[in-house]
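Okay, model_38.txt now, which holds compact mmCIF, C-alpha atoms:
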# COMPACT_ATOMS: atom_id res chain seq x y z
CA MET F 4 -6.37 -15.41 40.38
CA THR F 5 -6.20 -12.46 38.02
CA SER F 6 -6.38 -9.16 39.83
CA ALA F 7 -8.99 -6.53 39.02
CA ALA F 8 -6.20 -4.19 37.96
CA ASP F 9 -4.84 -6.76 35.47
CA ALA F 10 -8.31 -7.35 34.04
CA SER F 11 -8.87 -3.63 33.66
CA ARG F 12 -5.52 -3.23 31.96
CA ARG F 13 -6.29 -6.02 29.47
CA ALA F 14 -9.69 -4.54 28.68
CA ARG F 15 -8.14 -1.15 28.13
CA ARG F 16 -5.57 -2.62 25.79
CA LEU F 17 -8.21 -4.50 23.81
CA SER F 18 -10.39 -1.42 23.44
CA GLY F 19 -7.36 0.64 22.43
CA ALA F 20 -6.41 -1.89 19.76
CA GLY F 21 -9.93 -1.89 18.31
CA ARG F 22 -10.00 1.88 18.26
CA ASN F 23 -6.55 1.99 16.67
CA TYR F 24 -7.62 -0.43 13.95
CA THR F 25 -10.62 1.74 13.10
CA LEU F 26 -8.52 4.91 12.99
CA LEU F 27 -5.82 3.26 10.88
CA THR F 28 -8.35 1.91 8.40
CA ALA F 29 -10.18 5.22 8.08
CA ALA F 30 -6.92 7.12 7.60
CA ALA F 31 -5.69 4.64 4.97
CA VAL F 32 -8.93 5.02 3.02
CA VAL F 33 -8.61 8.82 3.07
CA THR F 34 -4.98 8.85 1.93
CA ASN F 35 -5.51 6.22 -0.78
CA LEU F 36 -8.45 8.15 -2.21
CA GLY F 37 -6.23 11.21 -2.53
CA SER F 38 -2.91 9.63 -3.45
CA GLN F 39 -4.07 7.50 -6.35
CA GLY F 40 -5.59 10.51 -8.06
CA ALA F 41 -2.48 12.55 -7.27
CA LEU F 42 -0.25 10.10 -9.14
CA ILE F 43 -2.29 10.74 -12.27
CA ALA F 44 -2.38 14.49 -11.60
CA ALA F 45 1.41 14.71 -11.19
CA ALA F 46 1.99 13.11 -14.61
CA PHE F 47 -0.44 15.48 -16.32
CA ALA F 48 1.01 18.45 -14.43
CA VAL F 49 4.40 17.67 -15.98
CA LEU F 50 2.87 17.35 -19.45
CA ASP F 51 0.83 20.55 -19.06
CA ALA F 52 4.03 22.39 -18.11
CA GLY F 53 5.55 21.41 -21.46
CA GLY F 54 7.32 18.24 -20.40
CA ASP F 55 7.42 14.94 -22.25
CA GLY F 56 7.38 11.28 -21.28
CA GLY F 57 11.00 11.44 -20.16
CA ASP F 58 10.19 14.29 -17.80
CA VAL F 59 7.29 12.31 -16.34
CA GLY F 60 9.76 9.51 -15.68
CA LEU F 61 12.18 11.89 -13.98
CA VAL F 62 9.48 13.13 -11.59
CA ALA F 63 8.47 9.53 -10.82
CA ALA F 64 12.11 8.55 -10.26
CA ALA F 65 12.60 11.55 -7.97
CA ARG F 66 9.93 10.10 -5.69
CA THR F 67 11.28 6.54 -5.81
CA LEU F 68 14.94 7.31 -5.09
CA PRO F 69 14.52 8.80 -1.57
CA LEU F 70 11.95 6.12 -0.81
CA VAL F 71 14.63 3.48 -1.39
CA LEU F 72 17.39 5.48 0.33
CA PHE F 73 15.53 6.27 3.56
CA LEU F 74 13.37 3.17 4.10
CA LEU F 75 15.79 1.39 6.43
CA ILE F 76 16.36 4.53 8.47
CA GLY F 77 12.60 5.04 8.61
CA GLY F 78 12.14 1.53 10.00
CA ALA F 79 14.74 2.08 12.71
CA VAL F 80 13.21 5.44 13.68
CA ALA F 81 9.73 3.90 13.86
CA ASP F 82 10.93 1.22 16.29
CA ARG F 83 12.73 3.82 18.39
CA LEU F 84 10.05 6.57 18.60
CA PRO F 85 6.29 6.29 19.11
CA ARG F 86 5.07 5.08 15.72
CA HIS F 87 2.03 7.32 15.56
CA ARG F 88 4.24 10.40 15.89
CA VAL F 89 6.41 9.24 13.00
CA MET F 90 3.27 8.66 10.91
CA VAL F 91 1.82 12.10 11.70
CA ALA F 92 5.14 13.83 10.95
CA ALA F 93 5.38 12.01 7.60
CA ASN F 94 1.78 12.95 6.76
CA ALA F 95 2.56 16.58 7.58
CA LEU F 96 5.55 16.53 5.20
CA ASN F 97 3.39 15.01 2.45
CA CYS F 98 0.64 17.54 3.11
CA VAL F 99 2.99 20.51 2.77
CA SER F 100 4.82 19.19 -0.30
CA GLN F 101 1.57 18.44 -2.13
CA ALA F 102 0.12 21.83 -1.17
CA VAL F 103 3.18 23.64 -2.63
CA PHE F 104 3.00 21.40 -5.72
CA ALA F 105 -0.68 22.33 -6.14
CA VAL F 106 -0.02 26.07 -5.79
CA LEU F 107 2.77 25.97 -8.39
CA VAL F 108 0.58 24.08 -10.86
CA LEU F 109 -2.47 26.28 -10.30
CA THR F 110 -0.45 29.46 -10.79
CA GLY F 111 1.31 28.09 -13.87
CA GLU F 112 4.74 28.50 -12.26
CA ALA F 113 5.73 24.84 -11.93
CA ARG F 114 9.22 23.99 -13.22
CA LEU F 115 10.60 20.52 -13.71
CA TRP F 116 13.22 20.82 -10.95
CA GLN F 117 10.57 22.07 -8.52
CA MET F 118 8.27 19.14 -9.30
CA MET F 119 11.16 16.72 -8.87
CA LEU F 120 12.11 18.25 -5.53
CA LEU F 121 8.54 18.14 -4.21
CA SER F 122 8.13 14.55 -5.40
CA ALA F 123 11.37 13.67 -3.61
CA LEU F 124 9.99 15.16 -0.38
CA GLY F 125 6.88 13.04 -0.84
CA GLY F 126 9.00 9.92 -1.28
CA THR F 127 10.98 10.79 1.84
CA GLY F 128 7.76 11.09 3.84
CA GLN F 129 6.62 7.72 2.50
CA ALA F 130 9.94 6.11 3.49
CA PHE F 131 9.39 7.05 7.14
CA PHE F 132 5.63 6.49 7.08
CA SER F 133 5.39 2.99 5.63
CA PRO F 134 7.43 0.99 8.19
CA ALA F 135 5.78 2.89 11.06
CA ALA F 136 2.30 2.28 9.63
CA GLU F 137 2.89 -1.43 9.06
CA GLY F 138 4.29 -1.87 12.56
CA MET F 139 1.40 0.11 14.06
CA LEU F 140 -1.23 -1.96 12.25
CA MET F 141 0.32 -5.25 13.30
CA SER F 142 0.58 -4.17 16.92
CA SER F 143 -3.08 -3.09 16.93
CA VAL F 144 -4.63 -6.50 16.29
CA SER F 145 -4.19 -9.80 18.10
CA GLY F 146 -5.44 -13.35 18.37
CA GLU F 147 -7.19 -15.49 15.81
CA GLN F 148 -8.94 -12.51 14.20
CA ALA F 149 -5.69 -10.90 13.05
CA SER F 150 -5.84 -12.45 9.58
CA ARG F 151 -9.43 -11.29 9.03
CA ALA F 152 -8.54 -7.82 10.31
CA PHE F 153 -5.67 -7.56 7.82
CA ALA F 154 -7.97 -8.73 5.01
CA MET F 155 -10.61 -6.14 5.90
CA PHE F 156 -7.96 -3.42 6.10
CA ARG F 157 -6.53 -4.33 2.71
CA MET F 158 -9.98 -4.58 1.15
CA ALA F 159 -10.83 -1.07 2.34
CA MET F 160 -7.45 0.24 1.19
CA GLN F 161 -7.59 -1.38 -2.24
CA GLY F 162 -11.18 -0.29 -2.78
CA ALA F 163 -10.24 3.29 -1.91
CA GLY F 164 -7.27 3.13 -4.28
CA LEU F 165 -9.47 1.86 -7.09
CA GLY F 166 -12.05 4.55 -6.50
CA GLY F 167 -9.38 7.22 -6.03
CA ALA F 168 -7.77 6.43 -9.38
CA ALA F 169 -11.11 6.63 -11.20
CA LEU F 170 -12.17 9.80 -9.38
CA GLY F 171 -8.75 11.40 -9.77
CA GLY F 172 -8.66 10.73 -13.50
CA ALA F 173 -12.10 12.29 -13.91
CA MET F 174 -11.15 15.33 -11.81
CA VAL F 175 -7.96 15.89 -13.80
CA ALA F 176 -10.06 16.01 -16.96
CA VAL F 177 -12.67 18.38 -15.46
CA VAL F 178 -10.82 20.75 -13.09
CA GLY F 179 -7.16 20.12 -13.91
CA PRO F 180 -4.26 18.46 -12.05
CA GLY F 181 -3.62 21.36 -9.66
CA TRP F 182 -6.90 20.92 -7.81
CA VAL F 183 -6.40 17.17 -7.56
CA LEU F 184 -3.03 17.78 -5.92
CA ALA F 185 -4.71 20.22 -3.54
CA VAL F 186 -7.29 17.59 -2.60
CA ASP F 187 -4.46 15.14 -1.91
CA SER F 188 -2.85 17.67 0.42
CA VAL F 189 -6.11 18.00 2.35
CA ALA F 190 -6.40 14.20 2.47
CA PHE F 191 -2.94 13.94 4.07
CA ALA F 192 -3.93 16.58 6.63
CA ALA F 193 -7.15 14.72 7.50
CA ALA F 194 -5.36 11.36 7.73
CA GLY F 195 -2.64 12.84 9.92
CA ALA F 196 -5.29 14.26 12.24
CA LEU F 197 -6.91 10.81 12.55
CA ARG F 198 -3.56 9.15 13.24
CA SER F 199 -2.74 11.66 15.97
CA PHE F 200 -5.49 10.02 18.07
CA LEU F 201 -3.84 6.57 17.97
CA ASP F 202 -3.29 5.01 21.39
CA VAL F 203 0.14 3.44 21.95
CA SER F 204 -0.34 2.54 25.62
CA HIS F 205 -0.66 -1.16 24.70
CA ILE F 206 2.84 -1.16 23.18
CA PRO F 207 5.60 -2.02 25.68
CA PRO F 208 8.09 0.80 26.31
CA ARG F 209 11.23 0.58 24.20
CA GLU F 210 14.40 -0.27 26.09
CA PRO F 211 17.30 2.15 25.57
CA GLY F 212 19.32 1.07 22.56
CA GLY F 213 22.83 1.60 21.30
CA GLY F 214 22.03 4.06 18.54
CA LEU F 215 20.62 4.07 15.03
CA LEU F 216 23.29 1.81 13.53
CA SER F 217 22.80 -0.70 16.32
CA ASP F 218 19.03 -0.66 15.65
CA LEU F 219 19.62 -1.27 11.95
CA TYR F 220 21.94 -4.17 12.74
CA GLU F 221 19.38 -5.73 15.09
CA GLY F 222 16.75 -5.46 12.38
CA TRP F 223 19.13 -7.06 9.88
CA ARG F 224 19.82 -9.98 12.22
CA GLU F 225 16.09 -10.46 12.70
CA PHE F 226 15.63 -10.38 8.93
CA VAL F 227 18.40 -12.77 7.83
CA GLY F 228 17.80 -15.16 10.75
CA ARG F 229 14.56 -16.38 9.21
CA PRO F 230 14.98 -18.22 5.87
CA TRP F 231 11.27 -17.89 5.02
CA LEU F 232 11.51 -14.12 5.43
CA TRP F 233 14.59 -13.21 3.43
CA THR F 234 13.96 -15.73 0.64
CA ILE F 235 10.44 -14.42 -0.01
CA VAL F 236 11.68 -10.82 0.05
CA ALA F 237 14.42 -11.80 -2.42
CA GLN F 238 11.75 -13.48 -4.56
CA PHE F 239 9.65 -10.33 -4.59
CA SER F 240 12.58 -8.12 -5.46
CA VAL F 241 12.49 -9.92 -8.82
CA VAL F 242 8.71 -10.37 -9.07
CA VAL F 243 7.84 -6.74 -8.34
CA ALA F 244 10.58 -5.50 -10.69
CA VAL F 245 9.55 -7.55 -13.74
CA VAL F 246 5.81 -7.15 -13.16
CA GLY F 247 6.36 -3.41 -12.75
CA ALA F 248 8.33 -3.24 -15.99
CA ALA F 249 5.66 -5.22 -17.85
CA ASP F 250 2.83 -3.04 -16.55
CA ALA F 251 4.52 0.36 -16.73
CA VAL F 252 6.49 -0.01 -19.97
CA TYR F 253 5.26 -2.88 -22.13
CA GLY F 254 1.56 -2.79 -21.22
CA PRO F 255 0.86 0.68 -22.66
CA LEU F 256 2.88 -0.17 -25.80
CA VAL F 257 0.94 -3.38 -26.40
CA ALA F 258 -2.32 -1.55 -25.73
CA ARG F 259 -1.47 1.13 -28.28
CA GLY F 260 -0.41 -1.39 -30.91
CA SER F 261 -2.89 -4.25 -30.45
CA LEU F 262 -5.69 -3.46 -27.98
CA GLY F 263 -7.03 -0.11 -29.17
CA GLY F 264 -5.20 2.43 -27.04
CA PRO F 265 -5.14 3.57 -23.42
CA GLY F 266 -8.84 2.89 -22.76
CA PRO F 267 -8.60 -0.92 -22.88
CA TRP F 268 -5.36 -0.85 -20.88
CA GLY F 269 -7.03 1.27 -18.22
CA LEU F 270 -9.85 -1.26 -18.15
CA ALA F 271 -7.34 -4.07 -17.63
CA LEU F 272 -5.67 -2.20 -14.77
CA GLY F 273 -9.10 -1.58 -13.28
CA ALA F 274 -9.78 -5.33 -13.46
CA PHE F 275 -6.56 -5.95 -11.50
CA GLY F 276 -7.71 -3.47 -8.86
CA ALA F 277 -11.10 -5.14 -8.66
CA GLY F 278 -9.34 -8.46 -8.26
CA THR F 279 -7.38 -7.19 -5.26
CA VAL F 280 -10.65 -6.20 -3.59
CA GLY F 281 -12.11 -9.63 -4.37
CA GLY F 282 -9.02 -11.40 -3.03
CA ALA F 283 -9.15 -9.44 0.21
CA LEU F 284 -12.84 -10.30 0.55
CA LEU F 285 -11.98 -13.99 0.09
CA MET F 286 -9.37 -13.78 2.85
CA THR F 287 -11.93 -12.47 5.35
CA ARG F 288 -13.35 -16.01 5.22
CA TRP F 289 -10.49 -18.29 4.23
CA LYS F 290 -7.74 -19.03 6.76
CA PRO F 291 -5.22 -21.39 5.16
CA ARG F 292 -3.31 -23.36 7.75
CA ARG F 293 0.00 -23.24 5.87
CA LEU F 294 0.02 -19.53 5.30
CA LEU F 295 3.20 -19.10 3.34
CA LEU F 296 2.62 -22.17 1.18
CA ALA F 297 -0.84 -20.93 0.19
CA GLY F 298 0.44 -17.40 -0.34
CA THR F 299 3.45 -18.42 -2.41
CA LEU F 300 1.37 -20.67 -4.66
CA CYS F 301 -0.77 -17.62 -5.36
CA VAL F 302 2.25 -15.74 -6.71
CA PHE F 303 2.36 -17.95 -9.81
CA PRO F 304 -0.66 -16.21 -11.42
CA LEU F 305 1.39 -12.99 -11.52
CA ALA F 306 3.23 -14.54 -14.47
CA ALA F 307 -0.01 -14.61 -16.50
CA PRO F 308 -0.43 -10.88 -17.36
CA ALA F 309 3.02 -10.65 -19.01
CA ALA F 310 2.29 -13.86 -20.93
CA ALA F 311 -1.10 -12.50 -22.03
CA LEU F 312 0.58 -9.31 -23.28
CA ALA F 313 3.20 -11.38 -25.11
CA VAL F 314 0.57 -13.24 -27.17
CA PRO F 315 -1.25 -10.68 -27.11
CA VAL F 316 -4.77 -11.76 -26.10
CA PRO F 317 -7.89 -9.61 -26.67
CA VAL F 318 -8.94 -7.16 -23.99
CA GLY F 319 -11.64 -9.46 -22.52
CA PRO F 320 -9.32 -12.35 -21.67
CA LEU F 321 -6.65 -9.86 -20.57
CA CYS F 322 -9.08 -8.34 -18.06
CA ALA F 323 -9.91 -11.82 -16.76
CA VAL F 324 -6.20 -12.60 -16.32
CA MET F 325 -5.62 -9.30 -14.55
CA PHE F 326 -8.56 -9.89 -12.21
CA VAL F 327 -7.30 -13.34 -11.21
CA SER F 328 -3.75 -12.10 -10.64
CA GLY F 329 -5.07 -9.22 -8.51
CA ALA F 330 -7.08 -11.62 -6.37
CA ALA F 331 -4.13 -13.99 -6.05
CA ILE F 332 -1.71 -11.33 -4.85
CA GLU F 333 -4.13 -10.34 -2.11
CA VAL F 334 -4.18 -13.93 -0.86
CA PHE F 335 -0.41 -13.67 -0.62
CA GLY F 336 -0.56 -10.22 0.95
CA VAL F 337 -2.88 -11.19 3.79
CA SER F 338 -1.00 -14.44 4.43
CA TRP F 339 2.30 -12.58 4.51
CA MET F 340 1.03 -9.92 6.92
CA THR F 341 -0.40 -12.58 9.20
CA ALA F 342 2.94 -14.39 9.23
CA LEU F 343 4.94 -11.29 10.12
CA HIS F 344 2.42 -10.42 12.82
CA GLN F 345 2.79 -13.88 14.32
CA GLU F 346 6.54 -14.38 14.04
CA ILE F 347 8.27 -11.03 14.47
CA PRO F 348 8.71 -9.49 17.95
CA GLU F 349 6.66 -6.30 18.31
CA ASP F 350 9.65 -4.07 19.01
CA LYS F 351 11.26 -5.07 15.67
CA LEU F 352 8.18 -4.97 13.42
CA SER F 353 8.96 -1.66 11.73
CA ARG F 354 12.61 -2.52 11.07
CA VAL F 355 11.68 -5.88 9.54
CA SER F 356 8.94 -4.18 7.51
CA ALA F 357 11.52 -1.69 6.25
CA TYR F 358 13.81 -4.48 5.03
CA ASP F 359 10.77 -6.10 3.41
CA TRP F 360 9.82 -2.85 1.65
CA PHE F 361 13.40 -2.15 0.63
CA GLY F 362 13.91 -5.58 -0.88
CA SER F 363 10.59 -5.43 -2.70
CA ILE F 364 11.12 -2.09 -4.47
CA ALA F 365 14.89 -1.71 -4.75
CA MET F 366 15.09 -3.27 -8.23
CA VAL F 367 12.04 -1.50 -9.71
CA PRO F 368 13.94 1.56 -11.05
CA LEU F 369 16.58 -0.70 -12.63
CA ALA F 370 13.97 -2.97 -14.24
CA THR F 371 11.97 -0.10 -15.71
CA ALA F 372 15.17 1.54 -16.97
CA LEU F 373 16.30 -1.70 -18.67
CA ALA F 374 12.89 -2.49 -20.16
CA GLY F 375 13.48 -0.32 -23.23
CA PRO F 376 16.98 -1.63 -24.01
CA ALA F 377 15.75 -5.22 -23.48
CA GLU F 378 12.96 -4.66 -25.99
CA ALA F 379 15.41 -3.21 -28.49
CA ALA F 380 17.86 -6.10 -28.04
CA PHE F 381 15.49 -9.09 -27.89
CA GLY F 382 12.08 -7.85 -29.02
CA ARG F 383 9.02 -7.02 -26.97
CA THR F 384 7.52 -10.51 -27.15
CA THR F 385 10.70 -12.18 -25.89
CA ALA F 386 11.05 -9.59 -23.14
CA LEU F 387 7.49 -10.22 -21.95
CA TRP F 388 7.90 -14.01 -21.99
CA SER F 389 11.12 -13.53 -20.00
CA CYS F 390 9.22 -11.48 -17.39
CA SER F 391 6.66 -14.26 -17.10
CA ALA F 392 9.34 -16.97 -16.85
CA LEU F 393 11.25 -15.11 -14.13
CA VAL F 394 8.13 -14.95 -11.94
CA VAL F 395 7.66 -18.72 -12.30
CA VAL F 396 11.32 -19.58 -11.69
CA VAL F 397 11.88 -17.49 -8.54
CA THR F 398 8.53 -18.57 -7.07
CA ALA F 399 9.30 -22.24 -7.66
CA ALA F 400 12.71 -21.70 -6.05
CA VAL F 401 11.13 -20.27 -2.90
CA LEU F 402 8.97 -23.38 -2.55
CA CYS F 403 12.20 -25.37 -2.07
CA VAL F 404 12.68 -23.66 1.31
CA PRO F 405 11.24 -25.94 4.05
CA ASP F 406 10.15 -23.03 6.25
CA VAL F 407 8.02 -21.62 3.42
CA ARG F 408 6.26 -24.95 2.89
CA ASN F 409 5.80 -25.83 6.56
CA LEU F 410 5.19 -22.62 8.50
CA THR F 411 1.66 -22.90 9.89
CA ARG F 412 -0.96 -20.74 11.49
CA ARG F 413 -1.17 -20.70 15.28
CA THR F 414 -4.69 -20.90 16.60
CA LYS F 415 -3.85 -19.58 20.06
CA PRO F 416 -1.79 -16.49 20.97
CA VAL F 417 1.61 -17.14 22.50
CA ALA F 418 2.90 -15.18 25.48
CA GLN F 419 5.25 -12.36 24.51
CA GLY F 420 8.81 -13.28 25.36
CA SER F 421 8.40 -17.03 24.93
CA PRO F 422 10.71 -18.83 22.47
CA VAL F 423 7.88 -19.16 19.97
CA ALA F 424 6.93 -15.50 20.21
CA GLN F 425 10.54 -14.55 19.70
CA GLY F 426 10.59 -16.16 16.30
CA SER F 427 10.92 -19.93 16.51
CA ARG F 428 10.50 -21.33 13.06
CA VAL F 429 8.63 -24.18 11.44
CA ALA F 430 10.07 -26.91 13.61
CA ARG F 431 7.36 -25.86 16.07
CA GLY F 432 4.76 -25.57 13.33
CA GLU F 433 4.24 -21.84 13.17
CA LEU F 434 3.68 -19.09 10.62
CA GLY F 435 4.35 -15.48 9.49
CA SER F 436 2.87 -12.29 7.72
CA ALA F 437 3.25 -9.07 5.72
CA ASP F 438 2.74 -7.76 2.13
CA ALA F 439 4.77 -7.65 -0.97
CA GLU F 440 2.69 -6.21 -3.66
CA GLY F 441 5.61 -4.04 -4.16
CA ALA F 442 5.14 -0.34 -4.56
CA ALA F 443 1.45 -0.63 -5.11
CA GLY F 444 -0.37 -2.49 -2.42
CA ARG F 445 1.07 -1.14 0.81
CA LEU F 446 -0.32 0.93 3.61
CA GLY F 447 -1.83 4.11 2.33
Write out the structure in this file as C-alpha cells.
Amino acid sequence: MTSAADASRRARRLSGAGRNYTLLTAAAVVTNLGSQGALIAAAFAVLDAGGDGGDVGLVAAARTLPLVLFLLIGGAVADRLPRHRVMVAANALNCVSQAVFAVLVLTGEARLWQMMLLSALGGTGQAFFSPAAEGMLMSSVSGEQASRAFAMFRMAMQGAGLGGAALGGAMVAVVGPGWVLAVDSVAFAAAGALRSFLDVSHIPPREPGGGLLSDLYEGWREFVGRPWLWTIVAQFSVVVAVVGAADAVYGPLVARGSLGGPGPWGLALGAFGAGTVGGALLMTRWKPRRLLLAGTLCVFPLAAPAAALAVPVPVGPLCAVMFVSGAAIEVFGVSWMTALHQEIPEDKLSRVSAYDWFGSIAMVPLATALAGPAEAAFGRTTALWSCSALVVVVTAAVLCVPDVRNLTRRTKPVAQGSPVAQGSRVARGELGSADAEGAAGRLG
C-alpha cells in the first residue's frame, strides 16, 4: 500500500509541475512580445545610425554565430546545473545587453561594432537559455496531457510573437527603435523574475559526472543512438536553411518586384504566424498515434511558399500558402516535442535539445550567404524551385527510416529507469518529441 508520505510527495510534484508550466508559459509570452519587436528595432537602429543592408546582416550574423558556437555547451551546462538558474542567468545577460543597446541608440552614440558586440552577447544568452528552457518545459509536464500542454504553450508563444512583431513595428515607427529595445530589456527582466520562482524539486538530483566533455559525449551518444532523432535533425538542417534563405533573401526581392513592396510581404509573413497559432490550436485536440509520421508528413507543405514565390502567385494565394505551411509546421513541432518528452531520459533532455537546436540552425548562415550567389548563377526562379525541391527530397528520405514511420504515442506513463523510459525504440511501439521550426519557433 502506498504510504501517506509517498502520496504527499506525488501531490507536491504534480502541483509543482502545474505551477512550473504556468510560470514558463507566462515568461515565454513576455519575452516573445518583447523580442519580436526588438528584432525589428535592431535593424532600424543600424539603418538610423547610417548603416546599410550589409551592416544589418552583420549585426544579425553577430547574434547567430555565438548561438551556434555555444549551444552544445549550453545544453551540457543545463543538464549539470539547476535549469531555472541557467535560464535566469541567461535572461539577466539579455536584459543588460538590450538595456545598453537601448541607451546607445537613444543617445545617438551607437556604433556598428558596439551593436555587433551587444547582439553577440544576446546570442550567447540564447545559446544557454534555449536548451535549459526546453528541458525545463519537458520535465514540467507528464502523462497523456503532455501533448496538449505543449500545444497550448506553443500557441501562447506564437500568438505573443505575432502580436509582438506587429506592436514592435508600430512602436518603432512612433517612438523609435531605442525605446523598443528598452521595452525588450524590461521584458527579459520580468521573465527572469518569473523563472526564478520555478520549482525543481520534482527533478531527480544529478549524479556526479566526469566533466563537461564527458557530458557532451553522453549527449552525443544519446543523440546518434536514435535513428529517428538524428535523421530528422539532419532533415531540418536542410529544411530550415533553405526556407530561411527563401524567406529572408528571395521573399523581399519577389515582393518588391512582383507583389507591390514590403506591405504584401509583411502580410504574407503575418499569415504564416497566424497559421502557427491555428496549428497549435489544432494540436490541443488532435493526438496522432504515429507522432513522427504525422509530423513529418506535415513538413511537405513547407516546400509550397518557395514554389509560390517562384511562380510568383498573387498576394492572396501566397497568404493562403503561408497560412497552411505555418499550421503544418506546428503539427510537426508539437509532435516532435511530445516524442522527445516521451523518449529521452530527463537528465539528458537539455543536451539532446542542444544537439537538435545546433543541427537545425547550423546551416542557416551558410544558406543565406549563398542565396545571392545562387541567384546570380542560376536565376531567382531556379533558386526558389531548388529550395522547394530540397524540402521535398529530404523529407521523403526521412520517411524511409522505419523508426520515423512506426514510433507511436504511449497512452500510459512508463516508470523512470525502465528500458522503455530509457529510450527503447519503435520495436516496442513508442514515440518521441521536440521542435524544429528552426530559429523561429523555439522557446521564447
Listing only residues of region 62-89 of chain F within 12 Å of region 185-208 of chain F, what is the closest atom pair and its distance in Å (to one decimal) for each, using only C-alpha atoms, sorted by chain and residue number ascending, as a Markdown table?
| residue | atom | partner | partner_atom | distance |
| --- | --- | --- | --- | --- |
| F:Asp82 | CA | F:Pro208 | CA | 10.4 |
| F:Arg83 | CA | F:Pro208 | CA | 9.7 |
| F:Leu84 | CA | F:Pro208 | CA | 9.8 |
| F:Pro85 | CA | F:Val203 | CA | 7.3 |
| F:Arg86 | CA | F:Val203 | CA | 8.1 |
| F:His87 | CA | F:Arg198 | CA | 6.3 |
| F:Arg88 | CA | F:Ser199 | CA | 7.1 |
| F:Val89 | CA | F:Ser199 | CA | 9.9 |
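Of note, CA of Thr299 (chain F) and CA of Leu387 (chain F) are spaced 21.6 Å apart.
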Which residue of F:Ala251, F:Ala370, F:Gly282, F:Val236 approaches Val407 (chain F) most closely, using only C-alpha atoms: F:Val236
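When only C-alpha atoms are used to compute distances to Met174 (chain F), the closest of the residues F:Cys98, F:Leu295, F:Ala44, F:Ala331 turns out to be F:Ala44.
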Atom pair CA of Phe381 (chain F) / CA of Trp268 (chain F): separation (Å): 23.5 Å
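Checking F:Ser217, F:Ser261, F:Gln238, F:Asn97 one by one against Gly128 (chain F), counting only C-alpha atoms, you find the shortest gap at F:Asn97.
Considering the residues F:Ala135, F:Ala163, F:Val241, F:Leu140 and counting all atoms listed in the file, Val394 (chain F) has its shortest atom-to-atom contact with F:Val241.
Among F:Gly54, F:Gly247, F:Pro291, F:Gly298, the residue with the shortest atom-to-atom distance to Ala330 (chain F), counting all atoms listed in the file, is F:Gly298.
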Write out as a PDB file with C-alpha atoms, in the frame of the given file the residues lying within 8 Å of Met155 (chain F), counting only C-alpha atoms and excluding same-chain residues fewer than 2 positions away.
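So the final result, stored in result04.pdb, reads:
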ATOM      1  CA  ARG F 151      -9.430 -11.290   9.030  1.00  0.00           C
ATOM      2  CA  ALA F 152      -8.540  -7.820  10.310  1.00  0.00           C
ATOM      3  CA  PHE F 153      -5.670  -7.560   7.820  1.00  0.00           C
ATOM      4  CA  ARG F 157      -6.530  -4.330   2.710  1.00  0.00           C
ATOM      5  CA  MET F 158      -9.980  -4.580   1.150  1.00  0.00           C
ATOM      6  CA  ALA F 159     -10.830  -1.070   2.340  1.00  0.00           C
ATOM      7  CA  ALA F 283      -9.150  -9.440   0.210  1.00  0.00           C
ATOM      8  CA  LEU F 284     -12.840 -10.300   0.550  1.00  0.00           C
ATOM      9  CA  THR F 287     -11.930 -12.470   5.350  1.00  0.00           C
TER      10      THR F 287
END
